[in-house]
Amino acid sequence: MTTLKKIEAIVLEEQVDAIKQSLEAAGYVGMTVFPVKGRGSEGGIDLRWRATTYTVDFLPKVLVMIVVNEDVLNHVISLIVRSCQAPEFDPDPDHRSEHAQSWGKIFVSPVEQAISIRTALQRR
Amino acid sequence: MTTLKKIEAIVLEEQVDAIKQSLEAAGYVGMTVFPVKGRGSEGGIDLRWRATTYTVDFLPKVLVMIVVNEDVLNHVISLIVRSCQAPEFDPDPDHRSEHAQSWGKIFVSPVEQAISIRTALQRR
Amino acid sequence: MTTLKKIEAIVLEEQVDAIKQSLEAAGYVGMTVFPVKGRGSEGGIDLRWRATTYTVDFLPKVLVMIVVNEDVLNHVISLIVRSCQAPEFDPDPDHRSEHAQSWGKIFVSPVEQAISIRTALQRR
Amino acid sequence: MNTGDISWILCSSSLVMLMTPAVGLFYGGMVRKKNLLSTIMLSFTALVVITVQWVLFGYSLAFGPDVGHLIGDLSWFGLRGVGVAPNTDYAATIPHLGYMLFQMKFAIITPALITGAFVERVRFSTYVLFILLWATLIYDPMAHWVWGMGGWLRNLGALDFAGGTVIHITSGVAALCAALLLPQRRGFGKRPEDPNSITLTLLGAILLWFGWFGFNGGSAYAADGLAIQAIVNTNAAAAAAAITWMLLSGFNHRASVMGVATGAVVGLVAITPACGYVEVVPAMIIGTVGAVVSYYCIQFRHKLKVDDSLDVWACHGMSGTWGALATGLFATTTINPAGANGLFYGNPGLLWIQFVSVVVAWVWAFGMTALICKGLNAFSRMTVSAHEELVGLDLSQHGEEAAGSI
Amino acid sequence: MNTGDISWILCSSSLVMLMTPAVGLFYGGMVRKKNLLSTIMLSFTALVVITVQWVLFGYSLAFGPDVGHLIGDLSWFGLRGVGVAPNTDYAATIPHLGYMLFQMKFAIITPALITGAFVERVRFSTYVLFILLWATLIYDPMAHWVWGMGGWLRNLGALDFAGGTVIHITSGVAALCAALLLPQRRGFGKRPEDPNSITLTLLGAILLWFGWFGFNGGSAYAADGLAIQAIVNTNAAAAAAAITWMLLSGFNHRASVMGVATGAVVGLVAITPACGYVEVVPAMIIGTVGAVVSYYCIQFRHKLKVDDSLDVWACHGMSGTWGALATGLFATTTINPAGANGLFYGNPGLLWIQFVSVVVAWVWAFGMTALICKGLNAFSRMTVSAHEELVGLDLSQHGEEAAGSI
Amino acid sequence: MNTGDISWILCSSSLVMLMTPAVGLFYGGMVRKKNLLSTIMLSFTALVVITVQWVLFGYSLAFGPDVGHLIGDLSWFGLRGVGVAPNTDYAATIPHLGYMLFQMKFAIITPALITGAFVERVRFSTYVLFILLWATLIYDPMAHWVWGMGGWLRNLGALDFAGGTVIHITSGVAALCAALLLPQRRGFGKRPEDPNSITLTLLGAILLWFGWFGFNGGSAYAADGLAIQAIVNTNAAAAAAAITWMLLSGFNHRASVMGVATGAVVGLVAITPACGYVEVVPAMIIGTVGAVVSYYCIQFRHKLKVDDSLDVWACHGMSGTWGALATGLFATTTINPAGANGLFYGNPGLLWIQFVSVVVAWVWAFGMTALICKGLNAFSRMTVSAHEELVGLDLSQHGEEAAGSI
Ligand SMILES: Nc1ncnc2c1ncn2[C@@H]1O[C@H](COP(=O)(O)OP(=O)(O)O)[C@@H](O)[C@H]1O
Ligand SMILES: Nc1ncnc2c1ncn2[C@@H]1O[C@H](COP(=O)(O)OP(=O)(O)O)[C@@H](O)[C@H]1O
Ligand SMILES: Nc1ncnc2c1ncn2[C@@H]1O[C@H](COP(=O)(O)OP(=O)(O)O)[C@@H](O)[C@H]1O
């Protein structure tokens, strides 16, 4: 019995296509994406309301969720990491930003069942 | 002590109402829905940018999340599966599509605590 | 080795800022928010389509996801709970609503890995 | 020629131009998100396709030299002979081309109105054929009968100031016919109707109201008191109808935003045939009754389980029918000497004539639309496959999505 | 009668019609998503309710035969006697109905402007009563005083080309009053203000600018040089004010989009009373100063913790006040012989008259609005319950949502 | 002076005013969500900045008393001497201020069109300088040459009814130049282009079409048959071009909504220089060919990997070039006696003159834009930092977001 894992990668919208393509090429097709807003380690950005100012520090991100078998977990993670590291996604190539912005985050958590509604066959 | 489980069903927007009603009828009220885009086993659909073409294969879906006690897990899953199998949700009743499209997917994962903010009573 | 936990708090949009600020003050910066719709224990609200009526009972909510080390889990939860209990978030201060509406819900679940894409260093 | 009149026909043509895409926005807000672009596109397509049809031969069929009181001949093909000089039969103080331009906008919006009947399932390519045939076989003759020199309903004395019979009844009845003949949307009646954006529908309604000032005011073909009277009536009827709907929905449940928008449009429809013949208080009565009629027709349509998805029949067909008949009740020659008196002003004959023209519009629109639908369906299905419907028309018909990929 | 003038009044009435829903879009973008429809609906409701009020008795109160320099009588009830013939007291070259139509749009937009003061918490049913009372008790008399034949401020020589005093001061001051008397939104000042869609606000601002050409240009009641001058001034003042706000926000932080939209509207407000009396360079000065005034008034309002939620007082009341006074500074009879010279053209008397009319507008609007609010509150609360506010007004007042169910 | 003509110039100026923000909406729907406000803001900023430039000195440079057939002098600075009396050189029946107002809208929209070339990366503050310089150094002289009394291309006999050369070629070629000189967006060509809202783009296209009636019809400077002819041609060309694009995209894949919107705009561009000189069937041919030209130019641009992000060159530069040349083919004095006959009407000379003016526009716009870009870049970078681009221009340039914080 294989165990399932849920990979949640929180990245920029621009990175999603690269992730998608590299996973597809490696045969991992199933995938769900969520529109989210996120804040990592970087500081805040000031927003304004007409003539007054306030700080908001959430930026639009995309969460890519992929459920995989445990045996391929590391492979899939490394594919994601690699496809996110293209130079055009470097958040600060010219080292001008005051904020150390990172390239995204991946969380892994356990999944106990995956059920396909069509067949209602349970894969444990 | 009962264990909690998180059910995540990724379905079409049209199916949500059916799920909601059948769960409600059975007494499962609490529920959270996420707007997502997803890709299962089917192939891609071509999109275009003015005069050029590219392929996108994510379709809008809804993720329905329900946290339940383990003892009713199978009951709830079967309710979801059944309410999604109405003929009007059959993705390909006339068998014309080249793509084998499925009816949606369900993932189950563990939950360790559920806390109601009002009471701040922890149910483990 | 510390274990990681995922906290998912489903609250009103107005509460997010209070949560954010109290966590930030306590040094917990990383955070992801999802736009969701949710239904807790309360009943339904009637919606309409031109001249006909139907019932919808999902309200817009925000899910705040925070991944933390297990050792600070209770601290973070209590921060969230407390910042959500300001009187201006009381759903029914004048006790006029027929529906008992609660203040939001928190779920906790296990996380097995957290990976920063920049460094690709795995923290287990 | 009069520059003031020309200036007004230029402006009112611009205003009416805006209405066809506005129908797209109005309808677009009511469908599911995955069919939003497709729904707007149906109206936008009517704009581009019927423009060319009209310039090439549609105008000539509708307004060209009469053949047997039934149709215009093709001597104005490609607008040959339709020039800067006025055509005194139609409008003495503006260029003939100006009259043609203004009428073009009417020919365009009518098929666009029908689209509410089959959104979320119509096949785009067949739809293009549908509106071409519909405009040519149904609209052009009908316009000739009522407005064309020599048209038999015109000769009979039927009054239709800005298109209640020609535009709203024909489109509403065609919608009913199409909804009865074409397959329903999958799951129709089993799931809630889910407007993807009432904001967009409101925006559409706003632009429709704005454009309707040109629609009804421009139908005077002059910048005169009659144009102003028509607009005052139009505005008052729309407001009265919106308030009526607000109250009806308020008593039933809560004052509905969608309802107020719908009510305003229904009031605008009801006053359209009458606006240049009645006083302002009757105009408000016409709007109010129109709202009541459409409100209950929508509920009736739901009971019958007819998938006229956006209620074109109830809102345009029935309110237009009421407006055409009401013209026979409230018309008065003190407002428009070129018109006639209605029943309440001592002339029951007009009501009869109006009734005849309503019946003609119903029968003609229903019968011919059935013919076109049957014909097209035999040749190429008018609706998409179940799978295409599930994926949504935006992707399946146009390969696009209303909002970005995530 | 002159067809060119009629054509222009038809167009400018259409343009101003569009402005009231545009206020709804402008405001709608600034509130939380759950109150979006409700906010647009407040403006839309003003359009439908005040239309009927105006046609029935509002116009007669404001412009009907004078009673003691204070109010019109009711002899024009239901527009009796208001017909196609011009009323030479008001506009000699267009039908009396045309003048009524154009003025109707002013009567409609004024209560709509106030709604920014109590969005996200006003009870819809009470709001309908509020605007009915407000239009009848505050707007109609004020319009009579300034513009009606025999009105005492008109007799005094107060200048208000397109409604600085009558429209912007009264609505802005009413907003201040309502914001002081009604409960604040829950959590006001404790959470960030979160515009749900600056895009929508921009769209509203765009349509407002567009419509303002009719608002100010139409106030010449003729298609003449004065109308053009008014529009040139309007456009220049709006641009100057927007640039000013861009710079103010840019120096403070970053050039704000919301700020530029707000600045443009504020400039349009400031030039409204003056646009038909001043030259183009003074117009730009008026716009610029208006932007500075409103910019700092918003910050002041925040410090005072008054929940005039969308700054109607700062943007309309204060900029309108500045514009009315500026008319007393910059007006010149070389632009408009029917006007007067201002202080900078050698006539300090006009400034005094303008000052008087400003004070009158402030006192009248504040006092009467307080009365109406107190009265209504005694009878039926003007704001919703805490639970309804939390759920949002779209659902609690209208049973609808701006965007589809997921 | 003629009130009908004045009424029309007032309306058409209002319509064209709306077009510049509409360009913002049209472009805004095509970029990524994080750059949406910024994109609309670029157009809105052109509206406010160029208004002031034009009033102060731009109009004087373009239309003031001629200096050496090259430029106007500054004697009309601040609109001194530009008053209510007509300037018979430019438009005999409307106030000189009215001509100035209408031309202002042209001066405003031209730089706004260019912005499609560098959206999603242009630094806002430098952009403001860019359009100021561009309008002053490129647009004002070019307008003088073609339309100003004494301008050398005007003297040569070049025909440009509503701005094909002056507006569309200059902006399209400037866009090409800027796209070649400025850095591309990061990841350009490696990730899919992702329009954030085709609905918004459609809304923009709708408002553009609506406004274009004023753009082309107003260029007659009178409410006459020529204005109507121009609008009829405009509408027909837009429809023909949209249908053409629909078919091209349909054959290639599926009938694209974005494509139909783009096609309509391209058709409007193509007919702009010709609309007051040609008959309606040639107008449809001009629209059709314009669509084909732009369609393939977009694909060519993609192959060349030039980041003219929203295809200003292909849609405006190339379609405008085609339109200017087509004027030399199809113009006929039966439509406009003040024009000339084209090649197909027996006069090859006109085509040559049109060709010369096209070449002049290309060379002038390309060369001067290069100069401005180089100059500005030396002084302050025209594009944002990589980090700012990643975060998006809405936040980095304006500190705002299109939609609320979650
Ligand atoms: N502890 C955390 N809990 C939940 N989400 C987090 C956490 N840390 C980071 N994230 C999410 O991951 C995204 C990327 O993280 P990181 O690269 O550190 O941040 P950013 O690039 O936003 O500075 C964040 O925007 C946030 O959505
Ligand atoms: N391995 C996976 N990981 C994450 N999400 C998945 C996975 N497989 C399927 N999904 C999600 O479930 C949805 C339904 O799956 P399925 O029925 O196979 O796909 P579809 O109906 O889209 O072909 C998909 O759209 C996707 O969002
Ligand atoms: N069993 C559950 N499963 C999933 N989500 C739940 C569950 N119970 C509650 N929720 C989510 O938590 C939110 C807050 O819950 P609660 O405070 O009980 O509800 P509400 O305030 O909506 O009545 C709900 O709106 C819903 O999104």
# chains A, B, ... in the order shown; residues from 1 in each chain; ligands from 1
>>> residues_near_ligand(ligand="ligand 1", cutoff="8 Å", atoms="only C-alpha atoms and all ligand atoms", output="short mmCIF file (atom, residue, chain, number, x, y, z; two decimals) with C-alpha atoms, in the first residue's frame")
data_model
loop_
_atom_site.label_atom_id
_atom_site.label_comp_id
_atom_site.auth_asym_id
_atom_site.auth_seq_id
_atom_site.Cartn_x
_atom_site.Cartn_y
_atom_site.Cartn_z
CA ALA A 9 3.45 25.07 -3.32
CA ILE A 10 2.77 28.76 -2.84
CA VAL A 11 4.30 30.64 -5.73
CA VAL A 36 -4.46 33.18 -2.51
CA LYS A 37 -2.71 36.11 -0.95
CA GLY A 38 0.39 35.49 1.01
CA ARG A 39 3.09 36.97 3.12
CA GLY A 40 6.41 35.36 3.73
CA SER A 41 9.36 36.84 5.44
CA GLU A 42 9.41 40.15 3.58
CA GLY A 43 8.14 43.41 5.08
CA PHE A 58 -0.14 40.48 1.31
CA LEU A 59 0.75 39.83 -2.27
CA PRO A 60 -1.30 37.80 -4.72
CA LYS A 61 0.07 34.27 -5.02
CA LEU A 63 -1.20 27.80 -4.30
CA ALA A 100 14.58 39.94 1.20
CA GLN A 101 11.88 38.30 -0.83
CA SER A 102 11.96 34.63 -1.31
CA TRP A 103 10.83 32.50 -4.23
CA GLY A 104 7.96 30.66 -2.68
CA LYS A 105 7.25 27.95 -0.19
CA ILE A 106 6.24 24.30 -0.27
CA LYS C 6 -1.11 23.80 9.86
CA TYR C 28 4.65 35.13 13.33
CA VAL C 29 4.87 36.66 9.89
CA GLY C 30 4.27 33.93 7.31
CA MET C 31 0.63 33.51 6.41
CA THR C 32 -1.59 32.60 3.47
CA VAL C 33 -5.19 33.67 3.04
CA MET C 65 -3.59 29.41 6.92
CA ILE C 66 -0.52 29.54 9.12
CA VAL C 67 2.07 26.82 9.38
CA VAL C 68 3.88 26.84 12.70
CA SER C 116 11.71 27.21 1.02
CA ILE C 117 12.11 27.26 -2.73
CA ARG C 118 14.94 29.77 -2.64
#
>>> residues_around(residues="Glu88 in chain A", least_positions_apart="3", cutoff="10 Å", atoms="only C-alpha atoms", output="list in words")
Glu14, Gln15, Cys84, Gln85, Pro91, Asp92 and Pro93 of chain A; Arg185, Arg186, Gly187, Phe188, Lys190, Ala386 and Leu390 of chain F
>>> interface_residues(of="chain E", to="chain A", cutoff="7 Å", atoms="only C-alpha atoms", output="PyMOL selection string")
chain E and resi 193+249+258-259+295+298-299
>>> write_last_selection(atoms="C-alpha atoms", output="PDB file, in the first residue's frame")
ATOM      1  CA  GLU E 193     -10.869  50.744   4.512  1.00  0.00           C
ATOM      2  CA  SER E 249      -0.411  61.850  -3.129  1.00  0.00           C
ATOM      3  CA  MET E 258      -8.008  56.411  -6.408  1.00  0.00           C
ATOM      4  CA  GLY E 259      -6.576  59.844  -5.737  1.00  0.00           C
ATOM      5  CA  TYR E 295      -7.415  66.609   0.125  1.00  0.00           C
ATOM      6  CA  ILE E 298     -10.387  64.269   4.083  1.00  0.00           C
ATOM      7  CA  GLN E 299      -7.458  64.019   6.452  1.00  0.00           C
TER       8      GLN E 299
END
>>> residues_around(residues="Thr165 in chain E", least_positions_apart="4", cutoff="12 Å", atoms="only C-alpha atoms", output="VMD selection string")
chain E and resid 110 139 142 to 143 145 to 147 153 to 154 158 to 161 169 to 173 269 to 274 316 to 327 354 to 365
>>> write_last_selection(atoms="C-alpha atoms", output="JSON list (two decimals), in the first residue's frame")
[["chain", "number", "residue", "atom", "x", "y", "z"],
["E", 110, "THR", "CA", -28.25, 65.39, -5.40],
["E", 139, "TYR", "CA", -33.69, 70.39, -2.47],
["E", 142, "MET", "CA", -33.21, 75.51, -2.30],
["E", 143, "ALA", "CA", -33.53, 75.13, -6.07],
["E", 145, "TRP", "CA", -34.41, 80.16, -4.07],
["E", 146, "VAL", "CA", -31.43, 80.04, -6.40],
["E", 147, "TRP", "CA", -32.93, 79.24, -9.79],
["E", 153, "LEU", "CA", -31.30, 84.24, -3.67],
["E", 154, "ARG", "CA", -31.81, 84.64, -7.39],
["E", 158, "ALA", "CA", -26.32, 84.91, -6.41],
["E", 159, "LEU", "CA", -24.57, 83.10, -9.24],
["E", 160, "ASP", "CA", -24.65, 79.33, -9.49],
["E", 161, "PHE", "CA", -24.18, 78.20, -13.05],
["E", 169, "ILE", "CA", -23.05, 72.18, -0.88],
["E", 170, "THR", "CA", -26.45, 70.88, 0.13],
["E", 171, "SER", "CA", -25.52, 67.26, -0.48],
["E", 172, "GLY", "CA", -22.09, 67.58, 1.13],
["E", 173, "VAL", "CA", -23.43, 69.29, 4.23],
["E", 269, "VAL", "CA", -17.38, 69.89, -8.36],
["E", 270, "ALA", "CA", -15.33, 73.04, -7.79],
["E", 271, "ILE", "CA", -15.87, 74.40, -11.30],
["E", 272, "THR", "CA", -19.59, 73.64, -11.38],
["E", 273, "PRO", "CA", -20.91, 76.95, -10.03],
["E", 274, "ALA", "CA", -18.30, 78.97, -11.91],
["E", 316, "HIS", "CA", -18.70, 67.89, -2.49],
["E", 317, "GLY", "CA", -19.46, 70.14, 0.44],
["E", 318, "MET", "CA", -16.06, 71.76, 0.75],
["E", 319, "SER", "CA", -15.08, 71.80, -2.89],
["E", 320, "GLY", "CA", -18.55, 73.14, -3.71],
["E", 321, "THR", "CA", -18.14, 75.83, -1.08],
["E", 322, "TRP", "CA", -14.81, 76.82, -2.57],
["E", 323, "GLY", "CA", -16.29, 76.88, -6.06],
["E", 324, "ALA", "CA", -19.20, 79.07, -5.01],
["E", 325, "LEU", "CA", -16.86, 81.54, -3.36],
["E", 326, "ALA", "CA", -14.42, 81.38, -6.25],
["E", 327, "THR", "CA", -17.24, 82.43, -8.53],
["E", 354, "GLN", "CA", -21.88, 84.34, -2.89],
["E", 355, "PHE", "CA", -20.87, 84.15, 0.75],
["E", 356, "VAL", "CA", -24.45, 84.71, 1.82],
["E", 357, "SER", "CA", -25.73, 82.00, -0.46],
["E", 358, "VAL", "CA", -23.09, 79.59, 0.82],
["E", 359, "VAL", "CA", -24.06, 80.25, 4.42],
["E", 360, "VAL", "CA", -27.71, 79.81, 3.59],
["E", 361, "ALA", "CA", -27.02, 76.51, 1.88],
["E", 362, "TRP", "CA", -24.96, 75.23, 4.83],
["E", 363, "VAL", "CA", -27.48, 76.23, 7.45],
["E", 364, "TRP", "CA", -30.50, 75.04, 5.54],
["E", 365, "ALA", "CA", -29.00, 71.71, 4.54]]
>>> interface_residues(of="chain D", to="chain F", cutoff="7 Å", atoms="only C-alpha atoms", output="PyMOL selection string")
chain D and resi 3-4+6-7+10+14+17-18+21+37+41+48-49+51-52+78+84+95+97-98+101+397-399+402-405
>>> write_last_selection(atoms="N, CA, C and O atoms", output="short mmCIF file (atom, residue, chain, number, x, y, z; two decimals), in the first residue's frame")
data_model
loop_
_atom_site.label_atom_id
_atom_site.label_comp_id
_atom_site.auth_asym_id
_atom_site.auth_seq_id
_atom_site.Cartn_x
_atom_site.Cartn_y
_atom_site.Cartn_z
N THR D 3 -29.86 71.41 -39.32
CA THR D 3 -28.68 70.91 -38.60
C THR D 3 -29.02 70.42 -37.20
O THR D 3 -28.39 69.50 -36.70
N GLY D 4 -29.99 71.06 -36.55
CA GLY D 4 -30.37 70.60 -35.23
C GLY D 4 -30.93 69.19 -35.28
O GLY D 4 -30.59 68.34 -34.45
N ILE D 6 -30.32 66.99 -37.60
CA ILE D 6 -29.23 66.08 -37.97
C ILE D 6 -28.37 65.78 -36.76
O ILE D 6 -27.98 64.64 -36.49
N SER D 7 -28.07 66.83 -36.00
CA SER D 7 -27.25 66.64 -34.80
C SER D 7 -27.91 65.63 -33.87
O SER D 7 -27.26 64.73 -33.33
N LEU D 10 -27.69 62.07 -35.23
CA LEU D 10 -26.34 61.55 -35.03
C LEU D 10 -26.17 61.06 -33.60
O LEU D 10 -25.65 59.97 -33.35
N SER D 14 -25.88 57.16 -32.12
CA SER D 14 -24.77 56.73 -31.27
C SER D 14 -25.30 56.07 -30.01
O SER D 14 -24.81 55.02 -29.58
N MET D 17 -26.64 52.67 -30.80
CA MET D 17 -25.53 51.77 -31.09
C MET D 17 -25.06 51.11 -29.81
O MET D 17 -24.79 49.91 -29.75
N LEU D 18 -24.94 51.93 -28.75
CA LEU D 18 -24.42 51.44 -27.47
C LEU D 18 -25.33 50.38 -26.85
O LEU D 18 -24.89 49.56 -26.04
N PRO D 21 -24.46 46.21 -27.48
CA PRO D 21 -23.51 45.64 -26.51
C PRO D 21 -24.02 45.72 -25.08
O PRO D 21 -23.71 44.84 -24.28
N LEU D 37 -18.47 35.45 -21.51
CA LEU D 37 -18.00 36.03 -22.76
C LEU D 37 -18.90 35.64 -23.91
O LEU D 37 -19.24 36.45 -24.77
N MET D 41 -20.79 38.05 -26.40
CA MET D 41 -20.43 37.89 -27.81
C MET D 41 -21.66 37.74 -28.70
O MET D 41 -21.65 38.18 -29.85
N VAL D 48 -22.15 43.33 -35.42
CA VAL D 48 -21.29 43.34 -36.60
C VAL D 48 -21.95 42.66 -37.80
O VAL D 48 -21.81 43.12 -38.93
N VAL D 49 -22.68 41.59 -37.55
CA VAL D 49 -23.25 40.86 -38.68
C VAL D 49 -24.43 41.63 -39.29
O VAL D 49 -24.53 41.76 -40.51
N THR D 51 -25.08 44.78 -39.15
CA THR D 51 -24.62 46.00 -39.83
C THR D 51 -24.39 45.72 -41.31
O THR D 51 -24.88 46.45 -42.18
N VAL D 52 -23.66 44.67 -41.57
CA VAL D 52 -23.33 44.36 -42.96
C VAL D 52 -24.58 43.91 -43.72
O VAL D 52 -24.82 44.35 -44.86
N GLY D 78 -26.75 47.64 -51.30
CA GLY D 78 -25.48 48.33 -51.05
C GLY D 78 -25.65 49.81 -50.87
O GLY D 78 -24.72 50.59 -51.09
N VAL D 84 -27.18 61.59 -49.25
CA VAL D 84 -27.23 62.69 -48.32
C VAL D 84 -28.56 63.45 -48.42
O VAL D 84 -29.02 64.03 -47.44
N PRO D 95 -30.65 63.76 -43.71
CA PRO D 95 -30.23 62.96 -44.86
C PRO D 95 -30.85 61.57 -44.81
O PRO D 95 -31.03 61.01 -43.72
N LEU D 97 -29.46 58.92 -45.51
CA LEU D 97 -28.47 58.06 -44.84
C LEU D 97 -28.64 58.09 -43.32
O LEU D 97 -28.35 57.10 -42.63
N GLY D 98 -29.04 59.23 -42.79
CA GLY D 98 -29.23 59.35 -41.35
C GLY D 98 -30.39 58.50 -40.88
O GLY D 98 -30.31 57.83 -39.84
N LEU D 101 -29.22 54.97 -40.96
CA LEU D 101 -28.31 54.69 -39.84
C LEU D 101 -29.08 54.41 -38.55
O LEU D 101 -28.82 53.44 -37.83
N GLN D 397 -16.70 27.39 -27.32
CA GLN D 397 -17.03 28.10 -28.57
C GLN D 397 -15.96 29.10 -28.97
O GLN D 397 -15.79 29.41 -30.15
N HIS D 398 -15.28 29.66 -27.98
CA HIS D 398 -14.37 30.75 -28.31
C HIS D 398 -12.94 30.52 -27.84
O HIS D 398 -12.05 31.31 -28.16
N GLY D 399 -12.73 29.44 -27.08
CA GLY D 399 -11.37 29.17 -26.61
C GLY D 399 -10.83 30.23 -25.69
O GLY D 399 -9.63 30.51 -25.66
N ALA D 402 -13.38 34.47 -19.43
CA ALA D 402 -13.67 35.85 -19.06
C ALA D 402 -12.57 36.42 -18.18
O ALA D 402 -12.13 37.55 -18.37
N ALA D 403 -12.13 35.65 -17.22
CA ALA D 403 -11.08 36.12 -16.33
C ALA D 403 -9.85 35.25 -16.50
O ALA D 403 -9.92 34.11 -16.95
N GLY D 404 -8.71 35.81 -16.15
CA GLY D 404 -7.41 35.20 -16.38
C GLY D 404 -7.32 33.78 -15.86
O GLY D 404 -8.18 33.31 -15.12
N SER D 405 -6.24 33.08 -16.21
CA SER D 405 -6.22 31.63 -16.02
C SER D 405 -6.20 31.22 -14.56
O SER D 405 -6.39 30.06 -14.26
#
>>> atom_distance(atom1="CA of Leu247 in chain D", atom2="CA of Phe124 in chain E")
12.2 Å
>>> residues_around(residues="Pro86 in chain E", least_positions_apart="3", cutoff="10 Å", atoms="only C-alpha atoms", output="list in words")
Gly225 of chain D; Met1, Val82, Gly83, Asp89, Tyr90, Ala91, Ala92, Thr93, Ile94, Pro95, His96, Leu97, Gly98 and Tyr99 of chain E
>>> atom_distance(atom1="CA of Ala378 in chain E", atom2="CA of Asp307 in chain E")
21.1 Å
>>> atom_distance(atom1="CA of Met382 in chain D", atom2="CA of Val122 in chain D")
5.8 Å
